$ cat start-v6.cif   # mmCIF, C-alpha atoms and all ligand atoms
data_run
#
loop_
_atom_site.label_atom_id
_atom_site.label_comp_id
_atom_site.auth_asym_id
_atom_site.auth_seq_id
_atom_site.Cartn_x
_atom_site.Cartn_y
_atom_site.Cartn_z
CA MET V 25 112.68 76.83 83.92
CA GLU V 26 112.36 74.24 86.63
CA LEU V 27 109.17 74.24 88.61
CA GLU V 28 109.99 75.28 92.11
CA GLY V 29 108.54 73.11 94.78
CA GLN V 30 106.68 70.77 92.44
CA ASN V 31 106.64 67.08 93.22
CA LEU V 32 105.66 64.29 90.88
CA ARG V 33 106.08 60.53 90.77
CA LEU V 34 105.79 58.80 87.44
CA GLY V 35 106.41 55.28 86.20
CA GLN V 36 107.13 54.20 82.65
CA ILE V 37 106.52 50.66 81.46
CA THR V 38 107.27 50.08 77.80
CA ASP V 39 107.49 47.47 75.06
CA ILE V 40 105.37 44.88 76.80
CA HIS V 41 104.64 43.00 73.55
CA LEU V 42 101.82 40.95 75.05
CA ILE V 43 101.42 38.03 72.72
CA VAL V 44 98.59 35.60 72.22
CA THR V 45 99.66 32.78 69.91
CA ASN V 46 99.68 29.02 69.78
CA ASP V 47 103.18 29.12 71.23
CA GLU V 48 102.24 29.05 74.89
CA GLU V 49 105.77 29.63 76.09
CA ASP V 50 106.00 33.05 74.40
CA SER V 51 102.54 34.03 75.64
CA LEU V 52 103.29 32.99 79.20
CA GLN V 53 106.65 34.74 79.23
CA SER V 54 105.06 38.04 78.09
CA VAL V 55 102.36 37.77 80.77
CA LYS V 56 104.82 36.93 83.54
CA SER V 57 107.14 39.81 82.69
CA PHE V 58 104.27 42.30 82.58
CA GLU V 59 102.90 40.99 85.89
CA LYS V 60 106.29 41.50 87.52
CA THR V 61 106.62 45.13 86.37
CA LEU V 62 103.06 45.96 87.42
CA GLU V 63 103.60 44.43 90.86
CA ASP V 64 106.81 46.38 91.35
CA ALA V 65 105.22 49.66 90.16
CA LYS V 66 102.47 49.22 92.77
CA LYS V 67 105.05 49.77 95.53
CA PHE V 68 105.71 53.39 94.47
CA ASN V 69 102.37 55.14 94.94
CA LEU V 70 102.75 56.75 91.51
CA ASP V 71 100.83 59.83 90.41
CA LEU V 72 100.77 58.33 86.93
CA LEU V 73 102.00 55.14 85.29
CA VAL V 74 102.61 55.50 81.54
CA PHE V 75 102.53 52.49 79.22
CA SER V 76 104.60 53.88 76.39
CA GLY V 77 103.74 51.69 73.44
CA ASP V 78 104.16 48.23 71.98
CA LEU V 79 101.51 47.13 74.43
CA THR V 80 100.90 44.16 72.13
CA GLU V 81 102.92 42.12 69.68
CA HIS V 82 100.38 41.97 66.83
CA SER V 83 97.71 44.53 67.70
CA TYR V 84 95.18 41.67 67.94
CA LYS V 85 91.95 42.14 69.86
CA GLU V 86 92.85 39.21 72.14
CA GLU V 87 96.16 40.86 73.02
CA TYR V 88 94.50 44.18 73.91
CA ASP V 89 91.86 42.30 75.93
CA LEU V 90 94.68 40.67 77.89
CA PHE V 91 96.46 44.01 78.39
CA PHE V 92 93.38 45.80 79.74
CA GLU V 93 92.41 42.82 81.88
CA MET V 94 95.85 42.80 83.52
CA VAL V 95 95.88 46.57 84.04
CA LYS V 96 92.58 46.25 85.96
CA GLY V 97 94.65 44.98 88.89
CA TYR V 98 96.61 48.24 89.03
CA ASP V 99 94.61 50.77 91.05
CA ARG V 100 96.57 54.04 90.60
CA PRO V 101 96.14 56.43 87.59
CA TRP V 102 97.58 55.17 84.31
CA CYS V 103 97.55 56.01 80.62
CA PHE V 104 99.06 54.70 77.39
CA ILE V 105 100.38 55.64 73.99
CA ALA V 106 100.78 53.50 70.89
CA GLY V 107 104.00 51.92 69.59
CA ASN V 108 104.83 50.56 66.17
CA HIS V 109 103.51 47.11 67.12
CA ASP V 110 100.18 48.69 68.05
CA SER V 111 97.79 50.54 65.83
CA ALA V 112 96.02 53.67 67.01
CA ARG V 113 92.90 52.59 65.12
CA ASP V 114 92.90 49.18 66.83
CA LEU V 115 93.33 50.87 70.20
CA GLU V 116 90.34 53.06 69.40
CA LYS V 117 88.35 49.90 68.55
CA PHE V 118 89.45 47.64 71.40
CA SER V 119 90.18 49.90 74.37
CA PRO V 120 87.54 49.89 77.12
CA VAL V 121 88.62 53.45 78.01
CA PRO V 122 87.90 56.15 75.43
CA VAL V 123 90.61 56.68 72.81
CA MET V 124 89.92 59.77 70.70
CA LEU V 125 91.86 59.92 67.45
CA LYS V 126 92.53 63.08 65.50
CA ALA V 127 93.11 62.36 61.80
CA GLY V 128 94.22 58.85 62.76
CA ASP V 129 96.65 59.85 65.53
CA TYR V 130 96.24 59.30 69.29
CA PHE V 131 97.87 62.23 71.11
CA TYR V 132 96.95 64.29 74.16
CA LYS V 133 98.28 66.16 77.18
CA LYS V 134 97.69 65.97 80.91
CA THR V 135 98.34 68.45 83.69
CA LEU V 136 99.51 66.89 86.94
CA ASN V 137 100.86 68.59 90.08
CA GLY V 138 101.68 71.68 88.00
CA PHE V 139 103.46 69.76 85.23
CA THR V 140 102.13 69.55 81.70
CA ILE V 141 102.88 66.19 80.13
CA PHE V 142 102.56 65.59 76.39
CA PHE V 143 101.91 62.17 74.86
CA LEU V 144 102.55 61.67 71.14
CA ASP V 145 101.74 58.91 68.66
CA SER V 146 104.66 57.53 66.62
CA SER V 147 103.00 54.20 65.84
CA ALA V 148 103.30 54.84 62.10
CA GLY V 149 107.08 55.22 62.45
CA VAL V 150 106.78 59.01 62.19
CA VAL V 151 105.37 61.82 64.32
CA SER V 152 102.88 63.58 62.07
CA LYS V 153 102.96 67.27 61.22
CA GLN V 154 99.67 67.91 63.02
CA GLN V 155 101.16 66.57 66.26
CA LEU V 156 104.36 68.61 65.92
CA GLU V 157 102.41 71.83 65.33
CA TRP V 158 100.12 71.07 68.26
CA LEU V 159 103.02 70.23 70.58
CA GLU V 160 104.91 73.41 69.77
CA SER V 161 101.93 75.70 70.17
CA GLU V 162 100.65 74.02 73.35
CA ALA V 163 104.11 73.93 75.00
CA LYS V 164 104.52 77.65 74.33
CA LYS V 165 101.41 78.36 76.40
CA GLU V 166 103.05 76.81 79.48
CA LYS V 167 105.17 78.90 81.83
CA GLY V 168 106.84 75.95 83.55
CA GLU V 169 108.66 72.85 82.40
CA VAL V 170 106.83 70.41 80.17
CA LEU V 171 107.52 66.67 79.78
CA LEU V 172 107.15 64.44 76.75
CA PHE V 173 106.43 60.75 76.28
CA VAL V 174 106.66 59.22 72.81
CA HIS V 175 107.40 55.62 71.79
CA HIS V 176 110.36 56.30 69.42
CA PRO V 177 113.48 58.28 70.37
CA PRO V 178 113.54 61.57 68.42
CA CYS V 179 117.23 61.11 67.55
CA HIS V 180 119.85 58.47 66.88
CA CYS V 181 121.10 57.11 70.19
CA GLY V 182 124.29 55.16 69.48
CA HIS V 183 122.33 51.88 69.43
CA LEU V 184 123.83 50.17 66.40
CA PHE V 185 120.97 47.78 65.64
CA MET V 186 117.98 50.02 66.34
CA ASP V 187 119.44 53.24 64.88
CA SER V 188 120.21 51.53 61.59
CA ARG V 189 116.99 49.48 61.27
CA TYR V 190 114.13 51.00 63.24
CA ALA V 191 114.83 54.68 63.98
CA LEU V 192 112.00 57.20 63.79
CA LYS V 193 111.73 58.02 60.09
CA ASN V 194 111.31 61.79 60.47
CA TRP V 195 113.61 62.22 63.47
CA LYS V 196 115.27 65.29 61.93
CA GLU V 197 111.98 67.11 61.49
CA VAL V 198 110.86 66.09 64.99
CA GLY V 199 114.19 67.25 66.41
CA GLU V 200 113.80 70.67 64.76
CA THR V 201 110.45 71.11 66.48
CA LEU V 202 111.84 69.97 69.86
CA ASP V 203 114.71 72.49 69.48
CA ARG V 204 112.10 75.25 69.47
CA ILE V 205 110.64 74.21 72.86
CA PRO V 206 112.96 75.70 75.52
CA ASN V 207 110.81 74.59 78.45
CA LEU V 208 111.18 70.91 77.47
CA HIS V 209 114.16 69.16 79.09
CA SER V 210 113.15 65.54 79.50
CA ILE V 211 111.83 63.19 76.83
CA PHE V 212 110.88 59.65 77.86
CA VAL V 213 110.85 56.95 75.19
CA GLY V 214 110.94 53.20 74.67
CA HIS V 215 111.21 51.20 71.44
CA TYR V 216 114.98 50.53 71.61
CA HIS V 217 114.74 47.83 74.32
CA SER V 218 117.69 49.42 76.12
CA ALA V 219 118.34 51.71 79.07
CA MET V 220 120.17 54.81 77.84
CA GLU V 221 120.36 58.55 78.44
CA VAL V 222 121.12 60.60 75.36
CA SER V 223 121.79 64.33 75.42
CA ARG V 224 120.43 66.22 72.42
CA GLY V 225 123.04 68.91 73.11
CA ASN V 226 120.44 71.60 73.64
CA GLY V 227 119.56 71.05 77.27
CA GLN V 228 117.23 68.17 76.39
CA THR V 229 117.86 64.60 77.50
CA VAL V 230 116.20 61.57 75.95
CA TYR V 231 115.64 58.83 78.54
CA LEU V 232 115.36 55.39 76.93
CA THR V 233 113.56 52.91 79.13
CA PRO V 234 114.25 49.18 78.94
CA ALA V 235 111.51 46.87 77.74
CA THR V 236 109.27 44.59 79.70
CA GLN V 237 109.78 41.96 76.99
CA MET V 238 113.57 41.71 76.41
CA GLN V 239 116.70 43.86 76.29
CA LEU V 240 118.72 44.27 73.08
CA ASP V 241 122.47 44.76 72.76
CA PRO V 242 123.18 48.39 71.72
CA ASP V 243 126.71 47.48 70.59
CA SER V 244 125.67 44.87 68.03
CA VAL V 245 124.68 45.76 64.45
CA ASP V 246 122.58 42.59 64.38
CA PHE V 247 119.61 41.58 66.48
CA HIS V 248 121.14 40.29 69.71
CA ILE V 249 119.19 39.70 72.91
CA LEU V 250 121.10 40.71 76.04
CA SER V 251 118.55 39.45 78.52
CA LYS V 252 114.89 38.69 79.11
CA VAL V 253 114.88 40.37 82.51
CA PRO V 254 112.05 42.93 82.45
CA GLY V 255 112.78 46.53 83.38
CA TRP V 256 110.87 49.76 83.90
CA ARG V 257 111.63 53.38 84.85
CA TYR V 258 110.77 55.26 88.03
CA ILE V 259 110.74 59.06 87.57
CA GLU V 260 110.58 61.52 90.44
CA TYR V 261 110.46 65.32 90.54
CA ASN V 262 111.29 66.62 93.95
CA GLY V 263 111.04 70.39 94.30
CA GLY V 264 111.11 70.47 90.50
CA LYS V 265 114.37 68.48 90.36
CA LEU V 266 114.40 65.25 88.33
CA SER V 267 115.80 61.94 89.50
CA THR V 268 115.14 58.67 87.76
CA GLN V 269 116.08 55.03 88.18
CA ILE V 270 115.73 51.85 86.19
CA ARG V 271 114.28 48.85 88.01
CA TYR V 272 115.20 45.40 86.68
CA LEU V 273 113.17 42.54 88.09
FE FE N 301 108.70 49.49 69.31
#
$ encode --input "start-v6.cif" --output "structure tokens" --more "lines below"
Ligand SMILES: [Fe+2]
Amino acid sequence: MELEGQNLRLGQITDIHLIVTNDEEDSLQSVKSFEKTLEDAKKFNLDLLVFSGDLTEHSYKEEYDLFFEMVKGYDRPWCFIAGNHDSARDLEKFSPVPVMLKAGDYFYKKTLNGFTIFFLDSSAGVVSKQQLEWLESEAKKEKGEVLLFVHHPPCHCGHLFMDSRYALKNWKEVGETLDRIPNLHSIFVGHYHSAMEVSRGNGQTVYLTPATQMQLDPDSVDFHILSKVPGWRYIEYNGGKLSTQIRYL
């Protein structure tokens, strides 16, 4: 099902958690980490840079203003989805680029260099039925491989803290839909603040991308910060073949 001869360069920056509060240290740290990832991403001449949710800490207008102001300095194509710290309705209100919601959800697809890329909204902690039906029917129309970006992993990942506290609520239902999409092999997510690759056992791999904000310990049942070194993911399809690397900064 691989696309022969198709090339694509993507970047994924996730869990930025831009914060505007009275605590200047936290605010500054979030800005610095985001600046670093953006600067590094600029070196790669990406076809698309995806900000995959938790753009802000509180979904405040000031935090979105800061996000969009900082992204102005990035001059290649980019797009975003919402995470559980965002709200699709706030994004619709505060984004300077159009955000069209359908029954409260922000989801869409893009075609790039022959690839169809789907973007789903899990900001409510679930992926809604309307999105699952849309994804399945739209993916079926495609002859080649399709890609998926969604904030939450659609499965448990062996991350003791996140799996037990903050997993996608309807991961089983989402997984059943994904099982019916044979031309989907790669699912790119954030939310877990960890770099992992998890096989769903059906030819699909879930790529978890580390956060811009902080990395969490997957082997601890409690909240335990491993580091505050920001990371992001570079994704390349060369002749239809995927290679990907994590960049820590
Ligand atoms: Fe999250």
$ residues_around --input "start-v6.cif" --residues "Val253 (chain V)" --least-positions-apart "6" --cutoff "9 Å" --atoms "only C-alpha atoms" --output "number ranges by chain"
V: 57, 235-239, 272-273
$ closest_residue --input "start-v6.cif" --among "V:Val213, V:Val123, V:Leu266, V:Leu250" --to "ligand FE 301 (chain N)" --atoms "all atoms listed in the file"
V:Val213
$ closest_residue --input "start-v6.cif" --among "V:Asn137, V:Gln53, V:Ser119, V:Ser152" --to "Leu34 (chain V)" --atoms "only C-alpha atoms"
V:Asn137
$ residues_near_ligand --input "start-v6.cif" --ligand "ligand FE 301 (chain N)" --cutoff "10 Å" --atoms "all atoms listed in the file" --output "PDB file with C-alpha atoms, in the frame of the given file"
ATOM      1  CA  THR V  38     107.270  50.080  77.800  1.00  0.00           C
ATOM      2  CA  ASP V  39     107.490  47.470  75.060  1.00  0.00           C
ATOM      3  CA  ILE V  40     105.370  44.880  76.800  1.00  0.00           C
ATOM      4  CA  HIS V  41     104.640  43.000  73.550  1.00  0.00           C
ATOM      5  CA  SER V  76     104.600  53.880  76.390  1.00  0.00           C
ATOM      6  CA  GLY V  77     103.740  51.690  73.440  1.00  0.00           C
ATOM      7  CA  ASP V  78     104.160  48.230  71.980  1.00  0.00           C
ATOM      8  CA  LEU V  79     101.510  47.130  74.430  1.00  0.00           C
ATOM      9  CA  THR V  80     100.900  44.160  72.130  1.00  0.00           C
ATOM     10  CA  GLU V  81     102.920  42.120  69.680  1.00  0.00           C
ATOM     11  CA  ALA V 106     100.780  53.500  70.890  1.00  0.00           C
ATOM     12  CA  GLY V 107     104.000  51.920  69.590  1.00  0.00           C
ATOM     13  CA  ASN V 108     104.830  50.560  66.170  1.00  0.00           C
ATOM     14  CA  HIS V 109     103.510  47.110  67.120  1.00  0.00           C
ATOM     15  CA  ASP V 110     100.180  48.690  68.050  1.00  0.00           C
ATOM     16  CA  SER V 146     104.660  57.530  66.620  1.00  0.00           C
ATOM     17  CA  SER V 147     103.000  54.200  65.840  1.00  0.00           C
ATOM     18  CA  GLY V 149     107.080  55.220  62.450  1.00  0.00           C
ATOM     19  CA  HIS V 175     107.400  55.620  71.790  1.00  0.00           C
ATOM     20  CA  HIS V 176     110.360  56.300  69.420  1.00  0.00           C
ATOM     21  CA  MET V 186     117.980  50.020  66.340  1.00  0.00           C
ATOM     22  CA  TYR V 190     114.130  51.000  63.240  1.00  0.00           C
ATOM     23  CA  ALA V 191     114.830  54.680  63.980  1.00  0.00           C
ATOM     24  CA  VAL V 213     110.850  56.950  75.190  1.00  0.00           C
ATOM     25  CA  GLY V 214     110.940  53.200  74.670  1.00  0.00           C
ATOM     26  CA  HIS V 215     111.210  51.200  71.440  1.00  0.00           C
ATOM     27  CA  TYR V 216     114.980  50.530  71.610  1.00  0.00           C
ATOM     28  CA  HIS V 217     114.740  47.830  74.320  1.00  0.00           C
ATOM     29  CA  ALA V 235     111.510  46.870  77.740  1.00  0.00           C
TER      30      ALA V 235
END
$ atom_distance --input "start-v6.cif" --atom1 "CA of Pro242 (chain V)" --atom2 "CA of Ile259 (chain V)"
22.8 Å
$ atom_distance --input "start-v6.cif" --atom1 "CA of Phe75 (chain V)" --atom2 "CA of Ile37 (chain V)"
4.9 Å
